[in-house]
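Undergrad: Dumping the structure here so I can ask a few things about it.
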There are 2 protein chains.
Amino acid sequence: MINKSTVKLIKSLALKKFRLKENRFLTEGDKNVLEVLNSGYRVDLLIATDSFLAAHKNAAEKAGKVIPATPQEIKQASLLKTPQNSLAVCELPAQNFLPQSLESISLFLDGIQDPGNLGTIIRTCDWFGIDQIFCSPNTVDLYNPKVIQATMGSFSRVRVFYTEIEKLNKLTVNSEITIFGTFLEGSNIYTEQLPQKALIVIGNEGKGISKTVEKYIDKKIRIPYFGDFGNRAESLNAAIATAVICSEFKRLS
Amino acid sequence: MINKSTVKLIKSLALKKFRLKENRFLTEGDKNVLEVLNSGYRVDLLIATDSFLAAHKNAAEKAGKVIPATPQEIKQASLLKTPQNSLAVCELPAQNFLPQSLESISLFLDGIQDPGNLGTIIRTCDWFGIDQIFCSPNTVDLYNPKVIQATMGSFSRVRVFYTEIEKLNKLTVNSEITIFGTFLEGSNIYTEQLPQKALIVIGNEGKGISKTVEKYIDKKIRIPYFGDFGNRAESLNAAIATAVICSEFKRLS
């Protein structure tokens, strides 16, 4: 039985101001819930069906409190249209401190707004072995439940930092890191020699890379389109463009 | 002023059974609305703000009926959380007949369920000059408003067919088309010699490629992951995997 105040708390975690006030975030989707239970997050409350609890007894023991619930009860508390068998209320971890230096390949997201895009980018980075993502302060919040949902568990492995480009740029001074960004007039990513040390800037869904951030770009690249101008897609979705770029940087590494 | 029965009609178009009953589909998002107005679709009804109508006078004249509306009125009728300045009710076009043969590169989607994924795949194909997508009958409907929304206008350029793999396979007999599919045990897509004539099968989000479809695969490929097994993403999002594959096939073509 989930009481009304718990349902209210859960629903409130859709909004950042309540996540900060409660110092909590919500994890939905069985894969994500198992991930938080098994990877050092502090899970205050696990709400799950009897079958989930039976199947994942060891994991469930790591939660501070467990409420067994019917699928109907979970549906009532959930923010999802089609909830699964569990949800977890977790403590917000402290913000990651910026690393001392940049190694290998990492991303800077310049104002990604769509939670699905951020979540998918995190999942894609996890696949391609890119374990650091920097986000401009106006990028959607990592702990938005839709972001967490779209990561499919990858949020527990990829480190996400929120920082201004200026601070990040300082880490690239006297390093071998090249800062890349996609622009219409950039050079063809398929024929360009791509280094193994890079910071790749991904622009906002509608506006692309901001003027402030553009100043720091060392090398402009583009993903070529195929077909006639004016008779094809004007752009790629931001998460799709990110994946194509990550694939190019990593394909023969 | 949008009357109640129009609002009811629009809302009903979220469901396929009502789209078929009314023989109509809904287009939202200004870019998509302009696309249907300008590309031969029959638009019965355009609902738009005065500023949209003033800015796109020629396009608006192609609609059978125009209702000027305030943003608040559009919000009431819209299926979107943050509607834009226009929406259009269009006639469902007749189903595409299968082509006589397959040329160059096309996709077969084996049960893609998420509307955002289908829409994004269509947009990605449009970018990469892939102009035919075949969908198994259990793939999400092209005219689902969320699919249309995610295509960002590309649904008017990429031809989408719904068909069983058996029928499609007949078109590849005595042709130079190789049927590709991604499997864990497939060969590395980055080092494989990829032909310019291919049918690429994309599996369902959770279950991958079905047994029925697997029989028709000529060549199994995989997108390699980076990092240790058990400590990385288990899979890529279906639209992301599609984009990486399309990029590999087209990159040096």
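How things are named: the first chain in the structure tokens is A, the next is B, and so on; residues count from 1 in each chain; ligands count from 1 in the order shown.
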Residues of chain A were defined as contacting chain B if any atom lay at most 9 Å from it, counting only C-alpha atoms; please report them as an MDAnalysis selection string.

TA: chainID A and resid 120 123:130 150:154 157 190:191 224:228 231:237 239:241 243:245 247:248 250:252

Undergrad: Name the residues of range 70-134 of chain B that come out as strand (DSSP E or B) in a backbone DSSP run; write them as a list in words.

TA: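 So the strand (DSSP E or B) residues in range 70-134 of chain B would be Ser86, Leu87, Ala88, Val89, Cys90, Glu91, Ile105, Ser106, Leu107, Phe108, Leu109, Asp110, Gln132, Ile133 and Phe134 of chain B.
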
Undergrad: Do a neighbour search on Asn85 in chain A at 10 Å with only C-alpha atoms, toss out local chain neighbours closer than 5 positions, and write the hits as a PyMOL selection string.

TA: chain A and resi 28-30+33+47-53+69-72+74-75

Undergrad: Write a file of the selected residues as a compact mmCIF listing (two decimals), in the first residue's frame, keeping all heavy atoms.

TA:
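Done, and the output landed in result.txt:
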# COMPACT_ATOMS: atom_id res chain seq x y z
N GLU A 28 12.74 5.15 -12.62
CA GLU A 28 11.70 4.21 -13.06
C GLU A 28 12.25 3.27 -14.11
O GLU A 28 13.26 3.55 -14.74
CB GLU A 28 10.51 4.98 -13.62
CG GLU A 28 9.79 5.80 -12.56
CD GLU A 28 8.31 5.91 -12.88
OE1 GLU A 28 7.61 4.89 -12.90
OE2 GLU A 28 7.86 7.04 -13.11
N GLY A 29 11.54 2.19 -14.33
CA GLY A 29 12.01 1.19 -15.29
C GLY A 29 12.85 0.17 -14.55
O GLY A 29 13.80 0.53 -13.85
N ASP A 30 12.53 -1.12 -14.68
CA ASP A 30 13.19 -2.15 -13.87
C ASP A 30 14.70 -2.15 -14.06
O ASP A 30 15.46 -2.34 -13.12
CB ASP A 30 12.61 -3.52 -14.21
CG ASP A 30 11.12 -3.59 -13.85
OD1 ASP A 30 10.64 -2.65 -13.18
OD2 ASP A 30 10.45 -4.57 -14.23
N VAL A 33 16.14 0.73 -12.13
CA VAL A 33 16.00 0.52 -10.68
C VAL A 33 17.06 -0.48 -10.20
O VAL A 33 17.75 -0.25 -9.19
CB VAL A 33 14.57 0.04 -10.35
CG1 VAL A 33 14.49 -0.44 -8.90
CG2 VAL A 33 13.57 1.18 -10.58
N ILE A 47 9.68 0.72 -4.42
CA ILE A 47 8.30 0.26 -4.53
C ILE A 47 8.30 -0.74 -5.67
O ILE A 47 8.73 -0.42 -6.78
CB ILE A 47 7.35 1.42 -4.84
CG1 ILE A 47 7.39 2.45 -3.70
CG2 ILE A 47 5.93 0.91 -5.05
CD1 ILE A 47 6.52 3.67 -3.93
N ALA A 48 7.86 -1.97 -5.39
CA ALA A 48 7.95 -2.99 -6.44
C ALA A 48 6.91 -4.08 -6.23
O ALA A 48 6.38 -4.26 -5.13
CB ALA A 48 9.35 -3.60 -6.45
N THR A 49 6.63 -4.79 -7.32
CA THR A 49 5.67 -5.90 -7.23
C THR A 49 6.34 -7.07 -6.50
O THR A 49 7.57 -7.16 -6.42
CB THR A 49 5.27 -6.38 -8.63
OG1 THR A 49 6.45 -6.81 -9.32
CG2 THR A 49 4.60 -5.28 -9.43
N ASP A 50 5.51 -7.98 -6.00
CA ASP A 50 6.03 -9.16 -5.31
C ASP A 50 6.97 -9.95 -6.21
O ASP A 50 8.01 -10.45 -5.76
CB ASP A 50 4.87 -10.06 -4.85
CG ASP A 50 4.10 -9.42 -3.69
OD1 ASP A 50 4.71 -8.57 -2.98
OD2 ASP A 50 2.92 -9.73 -3.51
N SER A 51 6.62 -10.06 -7.49
CA SER A 51 7.45 -10.87 -8.39
C SER A 51 8.82 -10.21 -8.59
O SER A 51 9.84 -10.88 -8.63
CB SER A 51 6.75 -11.13 -9.72
OG SER A 51 6.50 -9.90 -10.36
N PHE A 52 8.84 -8.87 -8.69
CA PHE A 52 10.13 -8.16 -8.81
C PHE A 52 10.96 -8.41 -7.55
O PHE A 52 12.15 -8.72 -7.63
CB PHE A 52 9.88 -6.66 -9.01
CG PHE A 52 11.16 -5.85 -9.15
CD1 PHE A 52 11.66 -5.52 -10.40
CD2 PHE A 52 11.86 -5.41 -8.02
CE1 PHE A 52 12.84 -4.77 -10.53
CE2 PHE A 52 13.03 -4.66 -8.14
CZ PHE A 52 13.51 -4.35 -9.40
N LEU A 53 10.31 -8.29 -6.39
CA LEU A 53 11.03 -8.45 -5.12
C LEU A 53 11.56 -9.87 -4.95
O LEU A 53 12.68 -10.07 -4.45
CB LEU A 53 10.13 -8.06 -3.95
CG LEU A 53 9.73 -6.57 -3.91
CD1 LEU A 53 8.70 -6.32 -2.82
CD2 LEU A 53 10.97 -5.69 -3.69
N ALA A 69 3.93 -3.59 -3.82
CA ALA A 69 2.76 -2.92 -4.40
C ALA A 69 2.23 -3.72 -5.59
O ALA A 69 2.98 -4.48 -6.22
CB ALA A 69 3.12 -1.51 -4.83
N THR A 70 0.97 -3.53 -5.88
CA THR A 70 0.40 -4.15 -7.08
C THR A 70 0.75 -3.28 -8.29
O THR A 70 1.07 -2.09 -8.13
CB THR A 70 -1.14 -4.22 -6.97
OG1 THR A 70 -1.62 -2.87 -6.92
CG2 THR A 70 -1.57 -4.96 -5.71
N PRO A 71 0.70 -3.86 -9.49
CA PRO A 71 0.94 -3.04 -10.69
C PRO A 71 0.02 -1.81 -10.74
O PRO A 71 0.44 -0.74 -11.16
CB PRO A 71 0.64 -4.01 -11.84
CG PRO A 71 0.92 -5.37 -11.27
CD PRO A 71 0.51 -5.29 -9.83
N GLN A 72 -1.22 -1.97 -10.27
CA GLN A 72 -2.15 -0.84 -10.28
C GLN A 72 -1.66 0.28 -9.36
O GLN A 72 -1.73 1.46 -9.70
CB GLN A 72 -3.56 -1.27 -9.84
CG GLN A 72 -4.29 -2.18 -10.82
CD GLN A 72 -3.70 -3.60 -10.86
OE1 GLN A 72 -3.15 -4.07 -9.88
NE2 GLN A 72 -3.80 -4.27 -12.01
N ILE A 74 1.44 0.82 -8.49
CA ILE A 74 2.63 1.43 -9.10
C ILE A 74 2.22 2.41 -10.19
O ILE A 74 2.76 3.51 -10.30
CB ILE A 74 3.58 0.33 -9.65
CG1 ILE A 74 4.20 -0.45 -8.48
CG2 ILE A 74 4.67 0.94 -10.53
CD1 ILE A 74 5.09 -1.59 -8.88
N LYS A 75 1.21 2.02 -10.94
CA LYS A 75 0.73 2.90 -12.01
C LYS A 75 0.25 4.24 -11.45
O LYS A 75 0.48 5.30 -12.04
CB LYS A 75 -0.39 2.21 -12.79
CG LYS A 75 -0.68 2.87 -14.16
CD LYS A 75 -1.70 2.05 -14.94
CE LYS A 75 -2.27 2.84 -16.11
NZ LYS A 75 -1.30 3.19 -17.16

Undergrad: Can you pull out every residue within 7 Å of range 202-205 of chain A, counting only C-alpha atoms, but drop anything in the same chain fewer than 4 positions away, and send it as a ChimeraX atom specification?

TA: /A:108-113,181,209,238,242

Undergrad: Would you mind reading off the distance between CA of Ile67 in chain A and CA of Leu15 in chain A, one decimal, in Å?

TA: 23.2 Å

Undergrad: Give me the residues near Arg42 in chain B as a list in words, where near means some atom within 10 Å (using only C-alpha atoms) and where sequence neighbours in that chain fewer than 5 positions away do not count.

TA: Arg24, Val36, Leu37, Lys62, Ala63, Gly64, Ala88, Val89, Cys90, Glu91, Leu92 and Pro93 of chain B

Undergrad: Just the helix (DSSP H, G or I) stuff from range 17-118 of chain A, please, per backbone DSSP, written as an mmCIF file with N, CA and C atoms, in the first residue's frame.

TA:
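Now in states22.cif:
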data_model
loop_
_atom_site.group_PDB
_atom_site.id
_atom_site.type_symbol
_atom_site.label_atom_id
_atom_site.label_comp_id
_atom_site.auth_asym_id
_atom_site.auth_seq_id
_atom_site.Cartn_x
_atom_site.Cartn_y
_atom_site.Cartn_z
ATOM 1 N N LYS A 17 12.902 21.743 -8.997
ATOM 2 C CA LYS A 17 12.873 22.475 -7.719
ATOM 3 C C LYS A 17 12.510 21.540 -6.561
ATOM 4 N N PHE A 18 11.647 20.563 -6.848
ATOM 5 C CA PHE A 18 11.302 19.621 -5.777
ATOM 6 C C PHE A 18 12.399 18.573 -5.583
ATOM 7 N N ARG A 19 13.095 18.231 -6.669
ATOM 8 C CA ARG A 19 14.237 17.311 -6.497
ATOM 9 C C ARG A 19 15.283 17.942 -5.582
ATOM 10 N N LEU A 20 15.525 19.244 -5.778
ATOM 11 C CA LEU A 20 16.518 19.926 -4.948
ATOM 12 C C LEU A 20 16.007 20.077 -3.514
ATOM 13 N N LYS A 21 14.737 20.424 -3.382
ATOM 14 C CA LYS A 21 14.158 20.616 -2.049
ATOM 15 C C LYS A 21 14.185 19.305 -1.250
ATOM 16 N N GLU A 22 13.803 18.213 -1.920
ATOM 17 C CA GLU A 22 13.739 16.913 -1.235
ATOM 18 C C GLU A 22 15.095 16.209 -1.221
ATOM 19 N N ASP A 30 12.530 -1.117 -14.683
ATOM 20 C CA ASP A 30 13.187 -2.147 -13.872
ATOM 21 C C ASP A 30 14.701 -2.153 -14.063
ATOM 22 N N LYS A 31 15.142 -1.919 -15.303
ATOM 23 C CA LYS A 31 16.578 -1.951 -15.566
ATOM 24 C C LYS A 31 17.290 -0.827 -14.817
ATOM 25 N N ASN A 32 16.693 0.356 -14.844
ATOM 26 C CA ASN A 32 17.272 1.494 -14.130
ATOM 27 C C ASN A 32 17.244 1.283 -12.625
ATOM 28 N N VAL A 33 16.140 0.728 -12.128
ATOM 29 C CA VAL A 33 16.004 0.521 -10.681
ATOM 30 C C VAL A 33 17.060 -0.475 -10.202
ATOM 31 N N LEU A 34 17.265 -1.553 -10.958
ATOM 32 C CA LEU A 34 18.293 -2.528 -10.574
ATOM 33 C C LEU A 34 19.673 -1.871 -10.600
ATOM 34 N N GLU A 35 19.865 -1.006 -11.578
ATOM 35 C CA GLU A 35 21.141 -0.299 -11.703
ATOM 36 C C GLU A 35 21.417 0.573 -10.468
ATOM 37 N N VAL A 36 20.443 1.338 -10.020
ATOM 38 C CA VAL A 36 20.694 2.189 -8.841
ATOM 39 C C VAL A 36 20.902 1.340 -7.586
ATOM 40 N N LEU A 37 20.172 0.236 -7.500
ATOM 41 C CA LEU A 37 20.335 -0.621 -6.321
ATOM 42 C C LEU A 37 21.732 -1.241 -6.297
ATOM 43 N N ASN A 38 22.254 -1.545 -7.463
ATOM 44 C CA ASN A 38 23.531 -2.266 -7.532
ATOM 45 C C ASN A 38 24.756 -1.385 -7.729
ATOM 46 N N ASP A 50 5.512 -7.978 -6.002
ATOM 47 C CA ASP A 50 6.032 -9.157 -5.308
ATOM 48 C C ASP A 50 6.969 -9.952 -6.213
ATOM 49 N N SER A 51 6.616 -10.064 -7.491
ATOM 50 C CA SER A 51 7.453 -10.872 -8.386
ATOM 51 C C SER A 51 8.818 -10.208 -8.589
ATOM 52 N N PHE A 52 8.839 -8.870 -8.695
ATOM 53 C CA PHE A 52 10.127 -8.163 -8.812
ATOM 54 C C PHE A 52 10.961 -8.408 -7.554
ATOM 55 N N LEU A 53 10.309 -8.290 -6.391
ATOM 56 C CA LEU A 53 11.034 -8.446 -5.121
ATOM 57 C C LEU A 53 11.562 -9.866 -4.954
ATOM 58 N N ALA A 54 10.786 -10.850 -5.431
ATOM 59 C CA ALA A 54 11.231 -12.238 -5.324
ATOM 60 C C ALA A 54 12.411 -12.494 -6.257
ATOM 61 N N ALA A 55 12.353 -11.903 -7.440
ATOM 62 C CA ALA A 55 13.398 -12.148 -8.449
ATOM 63 C C ALA A 55 14.703 -11.412 -8.118
ATOM 64 N N LYS A 57 15.979 -10.336 -4.852
ATOM 65 C CA LYS A 57 15.996 -10.252 -3.392
ATOM 66 C C LYS A 57 17.228 -9.514 -2.866
ATOM 67 N N ASN A 58 18.397 -9.884 -3.366
ATOM 68 C CA ASN A 58 19.639 -9.250 -2.894
ATOM 69 C C ASN A 58 19.673 -7.762 -3.195
ATOM 70 N N ALA A 59 19.269 -7.423 -4.389
ATOM 71 C CA ALA A 59 19.251 -6.013 -4.768
ATOM 72 C C ALA A 59 18.279 -5.245 -3.878
ATOM 73 N N ALA A 60 17.093 -5.819 -3.661
ATOM 74 C CA ALA A 60 16.054 -5.127 -2.890
ATOM 75 C C ALA A 60 16.498 -4.847 -1.459
ATOM 76 N N PRO A 71 0.703 -3.861 -9.491
ATOM 77 C CA PRO A 71 0.943 -3.040 -10.692
ATOM 78 C C PRO A 71 0.024 -1.814 -10.743
ATOM 79 N N GLN A 72 -1.218 -1.970 -10.275
ATOM 80 C CA GLN A 72 -2.150 -0.836 -10.282
ATOM 81 C C GLN A 72 -1.655 0.281 -9.363
ATOM 82 N N GLU A 73 -1.150 -0.114 -8.208
ATOM 83 C CA GLU A 73 -0.643 0.896 -7.272
ATOM 84 C C GLU A 73 0.592 1.602 -7.836
ATOM 85 N N ILE A 74 1.439 0.824 -8.489
ATOM 86 C CA ILE A 74 2.634 1.426 -9.095
ATOM 87 C C ILE A 74 2.221 2.413 -10.190
ATOM 88 N N LYS A 75 1.215 2.021 -10.943
ATOM 89 C CA LYS A 75 0.731 2.905 -12.012
ATOM 90 C C LYS A 75 0.247 4.239 -11.449
ATOM 91 N N GLN A 76 -0.405 4.170 -10.305
ATOM 92 C CA GLN A 76 -0.899 5.399 -9.661
ATOM 93 C C GLN A 76 0.226 6.344 -9.253
ATOM 94 N N ALA A 77 1.338 5.754 -8.810
ATOM 95 C CA ALA A 77 2.452 6.584 -8.334
ATOM 96 C C ALA A 77 3.364 7.031 -9.469
ATOM 97 N N PRO A 115 14.823 15.828 -22.698
ATOM 98 C CA PRO A 115 15.323 14.809 -21.767
ATOM 99 C C PRO A 115 15.653 13.482 -22.472
ATOM 100 N N GLY A 116 14.820 13.108 -23.450
ATOM 101 C CA GLY A 116 15.092 11.879 -24.197
ATOM 102 C C GLY A 116 16.428 11.950 -24.917
ATOM 103 N N ASN A 117 16.736 13.117 -25.476
ATOM 104 C CA ASN A 117 18.034 13.278 -26.146
ATOM 105 C C ASN A 117 19.195 13.118 -25.166
ATOM 106 N N LEU A 118 19.121 13.798 -24.005
ATOM 107 C CA LEU A 118 20.235 13.675 -23.049
ATOM 108 C C LEU A 118 20.390 12.223 -22.604
#

Undergrad: Could you tell me how far CA of Phe183 in chain A lies from CA of Gly119 in chain B, in Å and to one decimal?

TA: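 Rounded to one decimal, the two atoms are 23.7 Å apart.
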
Undergrad: What is the distance, in Å and to one decimal place, between CA of Leu13 in chain A and CA of Tyr143 in chain A?

TA: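 CA of Tyr143 in chain A lies 9.0 Å from CA of Leu13 in chain A.
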
Undergrad: Considering only C-alpha atoms, can you say which of A:Leu45, A:Leu142, A:Ile165, A:Leu184 comes closest to Leu98 in chain A?

TA: A:Ile165
